[in-house]
Amino acid sequence: MNKPQRNAFIVSKALRTFVVAAVLTAAAAQLAHTADSMIVGHIVGPDAVSAINLVLPLVEVLNCMGFLICFGANAMGAQAIGSGDKDKVARVFTTTILAVMTLGLAVSLSIFIFSREIVEALSDEPRLNEMAYEYIHTYAIGGWLQMLSYGLCLFVATDGKPRTVTKAVVVGAIANGLADILLIGILDMGVAGAAIGSLVMFIANILILGNYLRSPNSSYRLKWPGKSAFNIFTTQIKEGAPVTLSNSLMAVTILLLNHIVLTYLGADGLFLWSICLQMLLLSYVFIDGVIESLFAVGGVLIGERDVRGLQILVRHALIIIGSLVAVLMVIMYIPGLIGLLFGVTDAALATELNRVLRIFALMMIPFSFTQILLNAYQLVGHQKASVITATAQTVLMIVIVWVTAEIEGVELWWGFAIGCGIVLVIQLLYSTTKARMANMDISPVTMIPEQMEGHTFDRSVTYRTDDVYTALDEIDQFLKSASLSKDVLFDVNICCEELMTNIAKYSTGNIANRSFDVHFYIDDEAIYVTIKDAGKPFDPMKAGKMSDKNIGNKEYQHLGLRLVTNIIPDITYKYMYGQNTVFIYKKKSASNE
C-alpha cells in the first residue's frame, strides 16, 4: 500500500453536504413532533404534554421497526452503489418495501387494537391516561406510514439526493403545522389532532420522495428478488440490529425514567423531565443526521474499499457532532427560553426548569460521542462492541439516575451526566484495549483498520497539470506492481489519463485549495477505480457516448471520453453528495504477462 497522500477535502465535503441536509431533515421532523407538544401545551395544557410523553415509547417501537427493516437495507444499498452492482440495489430496495408493507402494517394494527391496555400498563395516573390513549390510538392508524417515510428518506439521501429529502420533510413539517393549527386550535380535537397532524406529515413525505424514485436519476428500481429475498432480509436485519437495539433501548430508557421521575418527583417532575426529554430528542436531530451520513457516505466508501476515506469521515463526524451539540447546550443555558417555548407561565416552575436544564445539558457531549462511536464500530463490522456499548449506556443511565434519586441531598438530574460520562470512559478504554490486542492495526478510538486486504492506491490530486501527470505516473507504477497484463494496464492507464486530465482542464471557480480523489483497489478478480471531484455536474459517460454524426462538428469536444467508454464499458457515473463520482470496474486478464 502506498503512503497515504490523501487530504480531507472530498470526503469532508461529502459529509458536510449530507450532514447539512440530514440535520435539516431531522430538525424538520423533530420540530414537527415538538410543535405538537408546544401547541397542545399552550392550548390543552401541561398535562397533554405529559400524556404524549407517556406513550412516546410506543412511537419509538414504530421507529425501531423502521430502523430494523430499513437501516441495514440502506447500508447494503450504499455498498452496492459503491461497488456498481445495480441488480443488487434493485433487489434490496424491493425486499425492503415489501417488508415495511407487511411487518409495518402488522405492528401498527397491534398497537391500535391494544392501545387501551398498553396505556393502562404504562401509567395509573387518571388525569393523564385518557389523553395518552387518545393520542396513541389515533397515531397507530398510520404508524406504518412513519416506517415507510423513514425508509424512503434513507434510500433517497443515500442516492446522492439529501436535499430532496430535506425538501420532502420540510413540506411535511409545514403540512403538520397547518394540520395542528386546524385540528387542535380550530376544531378542538386535542391530542388526537396532534396525532393526525403527524400522519399528514408522513403522507406528504412519501408523495414527494416517491416522485423522485420514479425518475430516471434514481438508482432504485422495483425488481422481484425471488429466492434471494430471504437472504437479503436476514442480512439487512443483522445489519440494522445494533442501531435498532440502540433505539429500542432508548424506548425502554424513556419508559423506566418516566417511572423513576414520576415516583420521586410526581406529575410536576414528569413535566420537567418531558421538557428535558424534548431537548435530548432535539440532540438526536444532530446525532441521527451524522449517523445517517456515516452509513450513507461510509457505506459507499466501504463498497469502494476506501479505508482512508472512512478514517477521514469518522474523524470529521466527531468534530461536527461536538460542535452541533455544543450549540444546543448554549441554547439550554439561555434563561427562560425553553420554558417560554413550551408555554410555562408560572414563575417558580420556569425558574426550576431553567435550573434543571443546566444540569441536564452536561450529559449532551458524552452522550453524543458515544452514539457516533458505537455506530462507527458497527460500520466496520464490530457489531458486538456496538451492541455492548448501546446496552451499557442504557443500563448505566437508568441505574445511576435511580441511585442518585435514592441518595439524600443529591438530585436525580445529576445522574444523567454522570452515567453518560462513565459510559464514554469505559468505551474508550475498551476500544484502546481492543486495538492493542488486534492482529492488525486499528484505530484505538474508532477501531477502523489502517488498511484492507488487497492492493490499494489512494491519492488526492490538485487541479494543476503537473500534479495530475505526477499522479498518473504513480498510478502506472502501482498498476505495474500488481502484475497486470499489458492490455489491462494500457486500458486502465488510458482511461485514468483521459478522465483526470478532463477534470483538471474543465474545472472552473476557486480551485486553488481544492483537489479531487483517486482510489484504486485490486483483488484477485478485478480492478476497482473511483474518481471523485467537487466540480459542476458533468457526466463523462454521457459526453463520451455522443452519436457518431456529431464527430467533426465544432461543438464536439469529447472524442477522448468516447474512447474511454469503448475501452471499458463497465464505467458508471453518479452525481452524489455534491460531487461527480465515476466508478470503473475492470476484470483482470486471465493470463498475466
# chains A, B, ... in the order shown; residues from 1 in each chain; ligands from 1

$ residues_around --residues "A:Thr96" --least-positions-apart "2" --cutoff "7 Å" --atoms "only C-alpha atoms" --output "VMD selection string"
chain A and resid 69 to 70 73 92 to 94 98 to 100

$ write_last_selection --atoms "N, CA and C atoms" --output "PDB file, in the first residue's frame"
ATOM      1  N   ILE A  69     -35.791  -2.665   9.779  1.00  0.00           N
ATOM      2  CA  ILE A  69     -36.018  -3.066   8.388  1.00  0.00           C
ATOM      3  C   ILE A  69     -35.200  -2.233   7.413  1.00  0.00           C
ATOM      4  N   CYS A  70     -35.121  -0.921   7.655  1.00  0.00           N
ATOM      5  CA  CYS A  70     -34.604  -0.003   6.632  1.00  0.00           C
ATOM      6  C   CYS A  70     -33.142   0.373   6.798  1.00  0.00           C
ATOM      7  N   ALA A  73     -30.796  -2.235   5.431  1.00  0.00           N
ATOM      8  CA  ALA A  73     -31.030  -2.302   3.986  1.00  0.00           C
ATOM      9  C   ALA A  73     -30.352  -1.139   3.277  1.00  0.00           C
ATOM     10  N   VAL A  92     -32.475  -5.270  -3.126  1.00  0.00           N
ATOM     11  CA  VAL A  92     -32.505  -4.795  -1.741  1.00  0.00           C
ATOM     12  C   VAL A  92     -33.651  -3.809  -1.540  1.00  0.00           C
ATOM     13  N   PHE A  93     -33.819  -2.901  -2.472  1.00  0.00           N
ATOM     14  CA  PHE A  93     -34.882  -1.898  -2.384  1.00  0.00           C
ATOM     15  C   PHE A  93     -36.262  -2.557  -2.372  1.00  0.00           C
ATOM     16  N   THR A  94     -36.492  -3.481  -3.280  1.00  0.00           N
ATOM     17  CA  THR A  94     -37.796  -4.150  -3.377  1.00  0.00           C
ATOM     18  C   THR A  94     -38.093  -4.968  -2.125  1.00  0.00           C
ATOM     19  N   LEU A  98     -41.362  -4.386   0.518  1.00  0.00           N
ATOM     20  CA  LEU A  98     -42.279  -5.484   0.858  1.00  0.00           C
ATOM     21  C   LEU A  98     -42.303  -5.728   2.372  1.00  0.00           C
ATOM     22  N   ALA A  99     -41.135  -5.672   3.002  1.00  0.00           N
ATOM     23  CA  ALA A  99     -41.062  -5.912   4.450  1.00  0.00           C
ATOM     24  C   ALA A  99     -41.793  -4.825   5.229  1.00  0.00           C
ATOM     25  N   VAL A 100     -41.619  -3.579   4.811  1.00  0.00           N
ATOM     26  CA  VAL A 100     -42.297  -2.472   5.501  1.00  0.00           C
ATOM     27  C   VAL A 100     -43.813  -2.604   5.371  1.00  0.00           C
TER      28      VAL A 100
END

$ residues_around --residues "A:Asp523" --least-positions-apart "3" --cutoff "10 Å" --atoms "only C-alpha atoms" --output "NGL selection string"
:A and (453-456 or 482 or 526-528 or 587-588)

$ closest_residue --among "A:Ser460, A:Thr345, A:Thr432, A:Gln146" --to "A:Gly45" --atoms "only C-alpha atoms"
A:Thr345

$ residues_around --residues "A:Gln371" --least-positions-apart "3" --cutoff "8 Å" --atoms "only C-alpha atoms" --output "list in words"
Ile287, Phe367, Ser368, Leu374, Asn375 and Ala390 of chain A

$ write_last_selection --atoms "N, CA and C atoms" --output "mmCIF file, in the first residue's frame"
data_model
loop_
_atom_site.group_PDB
_atom_site.id
_atom_site.type_symbol
_atom_site.label_atom_id
_atom_site.label_comp_id
_atom_site.auth_asym_id
_atom_site.auth_seq_id
_atom_site.Cartn_x
_atom_site.Cartn_y
_atom_site.Cartn_z
ATOM 1 N N ILE A 287 -27.511 14.041 16.089
ATOM 2 C CA ILE A 287 -26.887 12.708 16.152
ATOM 3 C C ILE A 287 -27.352 11.836 14.990
ATOM 4 N N PHE A 367 -22.854 11.812 25.720
ATOM 5 C CA PHE A 367 -23.925 11.006 25.130
ATOM 6 C C PHE A 367 -23.780 10.949 23.610
ATOM 7 N N SER A 368 -23.556 12.102 22.986
ATOM 8 C CA SER A 368 -23.479 12.154 21.521
ATOM 9 C C SER A 368 -22.221 11.466 20.997
ATOM 10 N N LEU A 374 -20.284 4.191 18.657
ATOM 11 C CA LEU A 374 -20.854 2.843 18.586
ATOM 12 C C LEU A 374 -21.364 2.533 17.178
ATOM 13 N N ASN A 375 -21.806 3.567 16.456
ATOM 14 C CA ASN A 375 -22.221 3.345 15.069
ATOM 15 C C ASN A 375 -21.017 3.198 14.146
ATOM 16 N N ALA A 390 -24.193 0.197 23.410
ATOM 17 C CA ALA A 390 -25.574 0.689 23.468
ATOM 18 C C ALA A 390 -26.282 0.190 24.726
#

$ select_by_dssp --residues "stretch 81-307 of chain A" --states "alpha helix (DSSP H)" --output "MDAnalysis selection string"
chainID A and resid 81:83 86:99 105:113 115:122 126:139 143:158 162:180 190:213 228:303 307

$ closest_residue --among "A:Leu337, A:Ile475, A:Leu324, A:Leu182" --to "A:Ile39" --atoms "only C-alpha atoms"
A:Leu182

$ residues_around --residues "A:Leu353" --least-positions-apart "4" --cutoff "7 Å" --atoms "only C-alpha atoms" --output "ChimeraX atom specification"
/A:272,339,349,357

$ residues_around --residues "A:Thr244" --least-positions-apart "5" --cutoff "8 Å" --atoms "only C-alpha atoms" --output "JSON, numbers by chain"
{"A": [64, 65, 67, 68]}

$ decode --residues "stretch 484-495 of chain A" --atoms "all heavy atoms" --output "short mmCIF file (atom, residue, chain, number, x, y, z; two decimals), in the first residue's frame"
data_model
loop_
_atom_site.label_atom_id
_atom_site.label_comp_id
_atom_site.auth_asym_id
_atom_site.auth_seq_id
_atom_site.Cartn_x
_atom_site.Cartn_y
_atom_site.Cartn_z
N LEU A 484 -0.27 -6.85 -13.73
CA LEU A 484 -1.41 -6.95 -14.65
C LEU A 484 -0.92 -7.26 -16.06
O LEU A 484 0.25 -7.04 -16.39
CB LEU A 484 -2.19 -5.63 -14.65
CG LEU A 484 -2.73 -5.15 -13.30
CD1 LEU A 484 -3.35 -3.77 -13.45
CD2 LEU A 484 -3.75 -6.14 -12.76
N SER A 485 -1.83 -7.73 -16.89
CA SER A 485 -1.48 -7.97 -18.29
C SER A 485 -1.25 -6.63 -18.98
O SER A 485 -1.72 -5.58 -18.53
CB SER A 485 -2.60 -8.73 -19.00
OG SER A 485 -3.73 -7.90 -19.16
N LYS A 486 -0.52 -6.65 -20.08
CA LYS A 486 -0.22 -5.41 -20.80
C LYS A 486 -1.50 -4.73 -21.30
O LYS A 486 -1.61 -3.50 -21.28
CB LYS A 486 0.72 -5.70 -21.96
CG LYS A 486 2.11 -6.12 -21.53
CD LYS A 486 3.00 -6.39 -22.75
CE LYS A 486 4.40 -6.80 -22.32
NZ LYS A 486 5.27 -7.08 -23.48
N ASP A 487 -2.45 -5.53 -21.77
CA ASP A 487 -3.70 -4.97 -22.28
C ASP A 487 -4.48 -4.24 -21.18
O ASP A 487 -4.97 -3.13 -21.38
CB ASP A 487 -4.58 -6.06 -22.89
CG ASP A 487 -4.00 -6.59 -24.20
OD1 ASP A 487 -3.14 -5.90 -24.78
OD2 ASP A 487 -4.42 -7.69 -24.62
N VAL A 488 -4.61 -4.90 -20.02
CA VAL A 488 -5.34 -4.29 -18.90
C VAL A 488 -4.62 -3.04 -18.42
O VAL A 488 -5.24 -2.01 -18.16
CB VAL A 488 -5.51 -5.30 -17.75
CG1 VAL A 488 -6.08 -4.62 -16.51
CG2 VAL A 488 -6.40 -6.46 -18.18
N LEU A 489 -3.30 -3.13 -18.32
CA LEU A 489 -2.50 -1.98 -17.88
C LEU A 489 -2.70 -0.79 -18.81
O LEU A 489 -2.91 0.35 -18.36
CB LEU A 489 -1.02 -2.39 -17.85
CG LEU A 489 -0.03 -1.33 -17.37
CD1 LEU A 489 -0.26 -1.00 -15.91
CD2 LEU A 489 1.42 -1.82 -17.58
N PHE A 490 -2.68 -1.06 -20.12
CA PHE A 490 -2.86 0.02 -21.10
C PHE A 490 -4.26 0.62 -20.99
O PHE A 490 -4.42 1.86 -20.97
CB PHE A 490 -2.63 -0.53 -22.52
CG PHE A 490 -2.86 0.48 -23.60
CD1 PHE A 490 -1.90 1.40 -23.94
CD2 PHE A 490 -4.08 0.50 -24.30
CE1 PHE A 490 -2.12 2.35 -24.94
CE2 PHE A 490 -4.31 1.43 -25.30
CZ PHE A 490 -3.33 2.36 -25.63
N ASP A 491 -5.28 -0.22 -20.92
CA ASP A 491 -6.66 0.26 -20.88
C ASP A 491 -6.92 1.15 -19.66
O ASP A 491 -7.50 2.24 -19.78
CB ASP A 491 -7.63 -0.92 -20.85
CG ASP A 491 -7.69 -1.66 -22.18
OD1 ASP A 491 -7.13 -1.13 -23.17
OD2 ASP A 491 -8.27 -2.76 -22.23
N VAL A 492 -6.49 0.69 -18.49
CA VAL A 492 -6.75 1.44 -17.27
C VAL A 492 -5.98 2.76 -17.27
O VAL A 492 -6.51 3.81 -16.88
CB VAL A 492 -6.41 0.60 -16.02
CG1 VAL A 492 -6.57 1.43 -14.75
CG2 VAL A 492 -7.28 -0.64 -15.96
N ASN A 493 -4.73 2.73 -17.72
CA ASN A 493 -3.94 3.96 -17.78
C ASN A 493 -4.56 4.99 -18.70
O ASN A 493 -4.63 6.18 -18.38
CB ASN A 493 -2.51 3.65 -18.24
CG ASN A 493 -1.58 3.30 -17.09
OD1 ASN A 493 -1.70 3.87 -16.01
ND2 ASN A 493 -0.66 2.38 -17.31
N ILE A 494 -5.02 4.55 -19.87
CA ILE A 494 -5.62 5.47 -20.85
C ILE A 494 -6.89 6.10 -20.25
O ILE A 494 -7.12 7.31 -20.37
CB ILE A 494 -5.96 4.73 -22.16
CG1 ILE A 494 -4.69 4.46 -22.95
CG2 ILE A 494 -6.94 5.54 -23.00
CD1 ILE A 494 -4.01 5.72 -23.48
N CYS A 495 -7.72 5.28 -19.63
CA CYS A 495 -8.97 5.79 -19.04
C CYS A 495 -8.70 6.79 -17.94
O CYS A 495 -9.34 7.86 -17.87
CB CYS A 495 -9.80 4.63 -18.51
SG CYS A 495 -10.53 3.61 -19.80
#
